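Report on the following structure.
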Amino acid sequence: MSLGRLFKPKTLAVIGVSLSNDRHPANVIYNKNSLRFQAEVYPVNKRGGILQGERVYPRISDIPQKVELAVIAVRAEVVPSIMAECIEAGVGGAVVISGGFAETGRKDLQDRVVSMARKADFPFIGPNCLGIYSPPYMDTFFLPSERMVRPERGRVALVSQSGGILVDQMTKFAEEGVGLSLAVSIGNKAQIRELDLLRYFAHDPSTEVIAFYVEGFEKNEGREFVLAAGQCPKSVIVLKSGKTPGGGKAVSSHTASMAGDYEVFSAALSQHGVVEAIDEFELVSFCEALSCYDQSIEGRVGIITVSGGHGALAVDACSAHGLSVPTLSEGLQAEIRKQVSPRVRDIASYSNPIDLTGSAVDDDFIAAATFLSSREEVDCVLILLLPYTPGITSDLGARLSQIYRQEGKPLIAYVPHVEKYRIFIEGFELNRIPVAHSIEGAVHMAEAMKRCQPC
Amino acid sequence: MPTVLKKGIRNILSASKERGWVLEPEAKRLFSLAGLDIPRYSWAKAAEEAVQFAQEIGYPVVVKVVSPRVVHKSDRDGVAVDIKGDGEVTETFIRFSRIEGFVGVLVEEMIPGLELLVGAKIDYHFGPVILLGMGGTGVEIYRDISLRMAPLQERDVESMVRDLKASRLLEGYRGSEPINRSELTRLLLTFSGLVVEMEELIESIDLNPVICSSTRCIVADARIMLKG
């Protein structure tokens, strides 16, 4: 089963467009693709006719070109016959948007579609989903483009059982400056499931990090998934809902009672170096950090700050997340002291956190970060930047990123995320240094690098 | 695992199928067949037999009720430890004989050491998983456990121990000797292999406690819940 044509099709048919209702999901999908995406798009409705001056094809086989992907947005009862036509016409695969299958008790209808597709080796996503967001090729989400918050192109592929969560995460990606390679909402995941997508993205050259929102697995599917993810050379992140125990189920052994569904899930992931995100905030931070750094750390953090309070909160957050903040020896402290500018030399403190004070200039940050990056004592450096201190310029992000490229030690920045400081933030992000909008978020990023190795 | 052992194990499991779980003496025999270390024990059906075996292995001993109706022996006051003489064995035998479904007592050597819980569960989504935790009757209060998918590798065993909050107790804390880590590793790897082989037949297993000292790791009690 080749999934390439699903994600990067040259030709697209939207089946089920309405000639009278322009808000019909199929029409939204047709419009956005014909206006803004590269794939050649054809509208299909069994009555034929004209839509916005374009010919509507009554059947998929009437389309003069070979269709690589069909978007099916017709009533559930009609889906089997439409899919049969697609298979007959040699279409490469489908996204079934329509609801009304297993989620409403029509498992029988869903099973019919699956067995037909399986027999024909015909890949399809869904049903009951938003499908695929794959710029610049196409977008099957039935949401008007102007209503969507679209993240920049980047290296993270997002896969979600829930369409709503997926769109929300994309919004957060955009807010936090995390780039997206592709997003897939798999809905009922009747045929193509997480494992298939993991295997596809493992070989997709535009994807470096693969993130999943999972609600449930089938029998032994969790095992297959973590084993495959453990083998995958890319970082894999999973957020799962349904962590609270089902409640009240009588179990007769201590092991069965304590090894609940969630405990086993969490342990299996970390055993195989799959990064578990506890909540949606972690998911975004983890995606950002791991799309900048595909390396793991033990978690010995060096902290550079201009405010004692920020340093203290960062130390607390590190210890709460199992990261250490090693104290630097007197000798090392003396060396850093020599390298900072005279204006802060006598007022800064150097034990880790290194507090450069509000009088610090860019060169002081560079000196401290260069020093920490060259020392074995720490394997990751947090930079807590307050752009309102007068000595700092917007060049800092770009200059610090040079240190990473020379020394190879991950740097993570905290910059308050307000529009005013965008130029500081971009100085980091455009140079591939992740930026968090909270101290806690910066610590999450370091944690991601610690968790992405088998325990 | 040699086929001969496999057959012995299979027989124990199929003989217990109807009850849904394996009686302690049978479970111990099963793990002994699989190569795990168990205490010297005897299933005594009369008080005299119990006394005779206690004398043979030497006091103190542990006496536990054997009953197909009692899955959790401690909950039914069916475990007596540190029994020091013949009279006490007889008294305990009589007391236990009043417990529902009584079919005798288990007399076994009392072994000092740190109590751990080693368990297994066949998880619906993740298949066989192995649990290591601090043992005893308070396990579900402290819930100090670590879990891994089976089969375990040697490095999994190391990280499981490291994950326990009480891991320092295993390393020898305040003058106590460290437990024999290579015996613990051997036990966990053997157990994990066995669990994978029994995957289709079992639901969960508690080895509670596994008693670990500086020389041995012994399965002092075992409960195997079978697939219904």
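Naming scheme: A, B, ... for chains in displayed order of the structure tokens; residues 1 onward per chain; ligands 1 onward as shown.
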Using only C-alpha atoms, tabulate the residues of chain B lying at most 8 Å from any atom of chain A, each with its closest atom pair and that distance in Å to one decimal, by chain and increasing residue number, as a tab-separated table.
residue	atom	partner	partner_atom	distance
B:Val71	CA	A:Ser252	CA	7.9
B:Gly119	CA	A:Thr255	CA	5.5
B:Ala120	CA	A:Thr255	CA	6.4
B:Lys121	CA	A:Ala256	CA	6.0
B:Asp123	CA	A:Asp261	CA	7.6
B:Tyr124	CA	A:Lys219	CA	5.3
B:His125	CA	A:Asn220	CA	4.2
B:Phe126	CA	A:Arg223	CA	4.3
B:Gly127	CA	A:Asn220	CA	5.7
B:Val129	CA	A:Val264	CA	7.6
B:Leu131	CA	A:Thr255	CA	6.9
B:Val139	CA	A:His254	CA	7.5
B:Glu140	CA	A:His254	CA	6.9
B:Arg143	CA	A:Met258	CA	7.2
B:Ser146	CA	A:Ala267	CA	7.6
B:Leu147	CA	A:Ala267	CA	5.7
B:Arg148	CA	A:Ala268	CA	5.9
B:Met149	CA	A:Ala268	CA	5.9
B:Asp156	CA	A:Cys455	CA	7.6
B:Ser159	CA	A:Cys455	CA	6.3
B:Ser204	CA	A:Ala256	CA	6.3
B:Ile205	CA	A:Thr255	CA	6.9
B:Asp206	CA	A:Thr255	CA	6.1
B:Arg223	CA	A:Ser253	CA	7.8
B:Met225	CA	A:Ser253	CA	7.6
How about saving the chosen residues, C-alpha atoms kept, as a compact mmCIF listing (two decimals), in the first residue's frame?
# COMPACT_ATOMS: atom_id res chain seq x y z
CA VAL B 71 -6.87 -16.23 46.67
CA GLY B 119 4.48 -9.52 38.58
CA ALA B 120 3.19 -9.99 35.08
CA LYS B 121 0.07 -9.00 33.23
CA ASP B 123 -2.16 -6.17 28.65
CA TYR B 124 -4.81 -5.87 25.95
CA HIS B 125 -2.90 -3.19 24.02
CA PHE B 126 0.72 -3.96 24.90
CA GLY B 127 0.80 -7.73 25.45
CA VAL B 129 4.32 -6.70 30.71
CA LEU B 131 6.29 -5.38 37.01
CA VAL B 139 2.18 -2.83 47.86
CA GLU B 140 -0.98 -1.11 46.76
CA ARG B 143 2.62 1.68 44.68
CA SER B 146 8.17 0.01 37.53
CA LEU B 147 6.81 -1.65 34.42
CA ARG B 148 8.29 -2.83 31.14
CA MET B 149 7.07 -4.73 28.13
CA ASP B 156 15.58 -3.07 31.22
CA SER B 159 16.49 0.68 34.64
CA SER B 204 -1.71 -12.02 35.53
CA ILE B 205 0.86 -13.26 38.03
CA ASP B 206 1.99 -11.96 41.42
CA ARG B 223 -0.32 -16.49 42.46
CA MET B 225 -4.49 -15.97 37.53
Problem - Expected answer as an NGL selection string: alpha helix (DSSP H) residues in range 270-415 of chain A - result: :A and (270-271 or 280-292 or 308-320 or 330-339 or 342-345 or 362-373 or 396-407)
Problem - Spatial neighbours of range 200-203 of chain B, 8 Å, only C-alpha atoms, chain gap at least 5 places, as a list of chain:residue names - result: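 These residues fall inside the cut-off: B:Leu13, B:Lys121, B:Ile122, B:Ile224, B:Met225, B:Leu226, B:Lys227.
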Identify, on the basis of only C-alpha atoms, every residue whose closest approach to Ala13 in chain A does not exceed 9 Å; exclude the query and any residue fewer than 6 positions from it along the same chain; express the result as a PDB file with N, CA and C atoms, in the first residue's frame.
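In the end it all went to result.pdb:
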ATOM      1  N   TYR A  30     -13.315  21.987  -2.166  1.00  0.00           N
ATOM      2  CA  TYR A  30     -13.063  22.258  -3.586  1.00  0.00           C
ATOM      3  C   TYR A  30     -12.511  23.673  -3.765  1.00  0.00           C
ATOM      4  N   GLU A  40      -4.235  19.612  -9.162  1.00  0.00           N
ATOM      5  CA  GLU A  40      -5.341  19.885 -10.091  1.00  0.00           C
ATOM      6  C   GLU A  40      -6.604  19.317  -9.454  1.00  0.00           C
ATOM      7  N   VAL A  41      -7.666  20.158  -9.308  1.00  0.00           N
ATOM      8  CA  VAL A  41      -8.825  19.652  -8.572  1.00  0.00           C
ATOM      9  C   VAL A  41     -10.082  19.602  -9.441  1.00  0.00           C
ATOM     10  N   TYR A  42     -10.838  18.500  -9.304  1.00  0.00           N
ATOM     11  CA  TYR A  42     -12.050  18.285 -10.098  1.00  0.00           C
ATOM     12  C   TYR A  42     -13.245  18.067  -9.177  1.00  0.00           C
ATOM     13  N   PRO A  43     -14.359  18.809  -9.437  1.00  0.00           N
ATOM     14  CA  PRO A  43     -15.561  18.578  -8.637  1.00  0.00           C
ATOM     15  C   PRO A  43     -16.393  17.434  -9.211  1.00  0.00           C
ATOM     16  N   VAL A  44     -16.989  16.637  -8.326  1.00  0.00           N
ATOM     17  CA  VAL A  44     -17.813  15.508  -8.775  1.00  0.00           C
ATOM     18  C   VAL A  44     -19.154  15.558  -8.049  1.00  0.00           C
ATOM     19  N   ILE A  60     -16.570   9.737 -11.253  1.00  0.00           N
ATOM     20  CA  ILE A  60     -15.117   9.936 -11.197  1.00  0.00           C
ATOM     21  C   ILE A  60     -14.453   9.451 -12.486  1.00  0.00           C
ATOM     22  N   ILE A  63     -13.676  11.983 -15.364  1.00  0.00           N
ATOM     23  CA  ILE A  63     -12.569  12.953 -15.298  1.00  0.00           C
ATOM     24  C   ILE A  63     -11.499  12.541 -16.308  1.00  0.00           C
ATOM     25  N   VAL A  67      -6.941  10.284 -11.512  1.00  0.00           N
ATOM     26  CA  VAL A  67      -7.049  10.978 -10.228  1.00  0.00           C
ATOM     27  C   VAL A  67      -6.195  10.246  -9.189  1.00  0.00           C
ATOM     28  N   GLU A  68      -5.343  11.003  -8.497  1.00  0.00           N
ATOM     29  CA  GLU A  68      -4.486  10.356  -7.494  1.00  0.00           C
ATOM     30  C   GLU A  68      -5.170  10.257  -6.131  1.00  0.00           C
ATOM     31  N   LEU A  69      -5.981  11.260  -5.803  1.00  0.00           N
ATOM     32  CA  LEU A  69      -6.665  11.221  -4.504  1.00  0.00           C
ATOM     33  C   LEU A  69      -8.112  11.668  -4.656  1.00  0.00           C
ATOM     34  N   ALA A  70      -9.032  10.884  -4.098  1.00  0.00           N
ATOM     35  CA  ALA A  70     -10.439  11.274  -4.080  1.00  0.00           C
ATOM     36  C   ALA A  70     -10.814  11.676  -2.673  1.00  0.00           C
ATOM     37  N   VAL A  71     -11.466  12.837  -2.537  1.00  0.00           N
ATOM     38  CA  VAL A  71     -12.008  13.244  -1.251  1.00  0.00           C
ATOM     39  C   VAL A  71     -13.491  12.912  -1.306  1.00  0.00           C
ATOM     40  N   ILE A  72     -13.938  12.022  -0.424  1.00  0.00           N
ATOM     41  CA  ILE A  72     -15.320  11.548  -0.483  1.00  0.00           C
ATOM     42  C   ILE A  72     -16.113  12.217   0.635  1.00  0.00           C
TER      43      ILE A  72
END
At a cut-off of 9 Å, can you tabulate as JSON lines every residue of range 342-448 of chain A near range 160-179 of chain A together with its closest atom pair and the distance in Å to one decimal, using only C-alpha atoms and ordering rows by chain then number?
{"residue": "A:His417", "atom": "CA", "partner": "A:Glu176", "partner_atom": "CA", "distance": 8.4}
{"residue": "A:Glu426", "atom": "CA", "partner": "A:Gly177", "partner_atom": "CA", "distance": 8.6}
{"residue": "A:Glu429", "atom": "CA", "partner": "A:Gly177", "partner_atom": "CA", "distance": 7.2}
{"residue": "A:Pro434", "atom": "CA", "partner": "A:Val178", "partner_atom": "CA", "distance": 8.6}
{"residue": "A:Val435", "atom": "CA", "partner": "A:Glu176", "partner_atom": "CA", "distance": 7.8}
{"residue": "A:Ala436", "atom": "CA", "partner": "A:Glu176", "partner_atom": "CA", "distance": 7.5}
{"residue": "A:His437", "atom": "CA", "partner": "A:Glu176", "partner_atom": "CA", "distance": 7.8}
Dump of N, CA and C atoms for the selected residues, as a CSV table (one decimal), in the first residue's frame:
chain,number,residue,atom,x,y,z
A,417,HIS,N,6.4,36.0,25.2
A,417,HIS,CA,5.8,36.1,23.8
A,417,HIS,C,4.8,37.2,23.7
A,426,GLU,N,12.2,35.9,16.7
A,426,GLU,CA,12.6,35.4,15.3
A,426,GLU,C,14.1,35.2,15.2
A,429,GLU,N,14.3,31.7,16.5
A,429,GLU,CA,13.6,30.7,15.8
A,429,GLU,C,14.1,30.5,14.3
A,434,PRO,N,15.1,26.8,19.7
A,434,PRO,CA,13.7,26.9,20.2
A,434,PRO,C,13.5,27.9,21.2
A,435,VAL,N,12.3,28.6,21.2
A,435,VAL,CA,12.0,29.6,22.1
A,435,VAL,C,10.7,29.3,22.9
A,436,ALA,N,10.7,29.3,24.2
A,436,ALA,CA,9.5,29.1,25.0
A,436,ALA,C,8.9,30.4,25.4
A,437,HIS,N,7.6,30.4,25.7
A,437,HIS,CA,7.0,31.7,26.2
A,437,HIS,C,6.8,31.6,27.7
Practice task
Tell me, as number ranges by chain, which residues lie within 6 Å of Thr357 in chain A, counting only C-alpha atoms; anything in the same chain fewer than 5 positions away does not count.
Solution key: A: 306-307, 348
Handout entry: Contact residues around Arg69 in chain B with only C-alpha atoms at 10 Å, ignoring same-chain residues under 6 positions, as a VMD selection string
Key = chain B and resid 19 23 99 to 103
Those selected residues, please, written with N, CA and C atoms and delivered as a PDB file, in the first residue's frame.
ATOM      1  N   ARG B  19     -10.484 -23.796  38.036  1.00  0.00           N
ATOM      2  CA  ARG B  19     -10.506 -22.927  39.209  1.00  0.00           C
ATOM      3  C   ARG B  19     -10.233 -21.482  38.817  1.00  0.00           C
ATOM      4  N   LEU B  23      -3.123 -22.923  42.653  1.00  0.00           N
ATOM      5  CA  LEU B  23      -2.834 -22.973  44.087  1.00  0.00           C
ATOM      6  C   LEU B  23      -1.350 -22.737  44.339  1.00  0.00           C
ATOM      7  N   ILE B  99     -10.588 -22.453  58.069  1.00  0.00           N
ATOM      8  CA  ILE B  99     -10.775 -21.535  56.920  1.00  0.00           C
ATOM      9  C   ILE B  99     -11.486 -22.274  55.791  1.00  0.00           C
ATOM     10  N   GLU B 100     -12.378 -21.562  55.141  1.00  0.00           N
ATOM     11  CA  GLU B 100     -13.191 -22.100  54.043  1.00  0.00           C
ATOM     12  C   GLU B 100     -12.334 -22.820  52.989  1.00  0.00           C
ATOM     13  N   GLY B 101     -12.730 -24.011  52.641  1.00  0.00           N
ATOM     14  CA  GLY B 101     -12.077 -24.738  51.547  1.00  0.00           C
ATOM     15  C   GLY B 101     -10.720 -25.331  51.914  1.00  0.00           C
ATOM     16  N   PHE B 102     -10.394 -25.391  53.219  1.00  0.00           N
ATOM     17  CA  PHE B 102      -9.076 -25.856  53.683  1.00  0.00           C
ATOM     18  C   PHE B 102      -8.686 -27.214  53.086  1.00  0.00           C
ATOM     19  N   VAL B 103      -7.526 -27.260  52.442  1.00  0.00           N
ATOM     20  CA  VAL B 103      -7.030 -28.557  51.955  1.00  0.00           C
ATOM     21  C   VAL B 103      -5.601 -28.802  52.431  1.00  0.00           C
TER      22      VAL B 103
END
Exercise for the section: Could you tell me how far CA of Cys318 in chain A lies from CA of Ile278 in chain A, in Å and to one decimal? Expected result: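 CA of Cys318 in chain A sits 16.3 Å away from CA of Ile278 in chain A.
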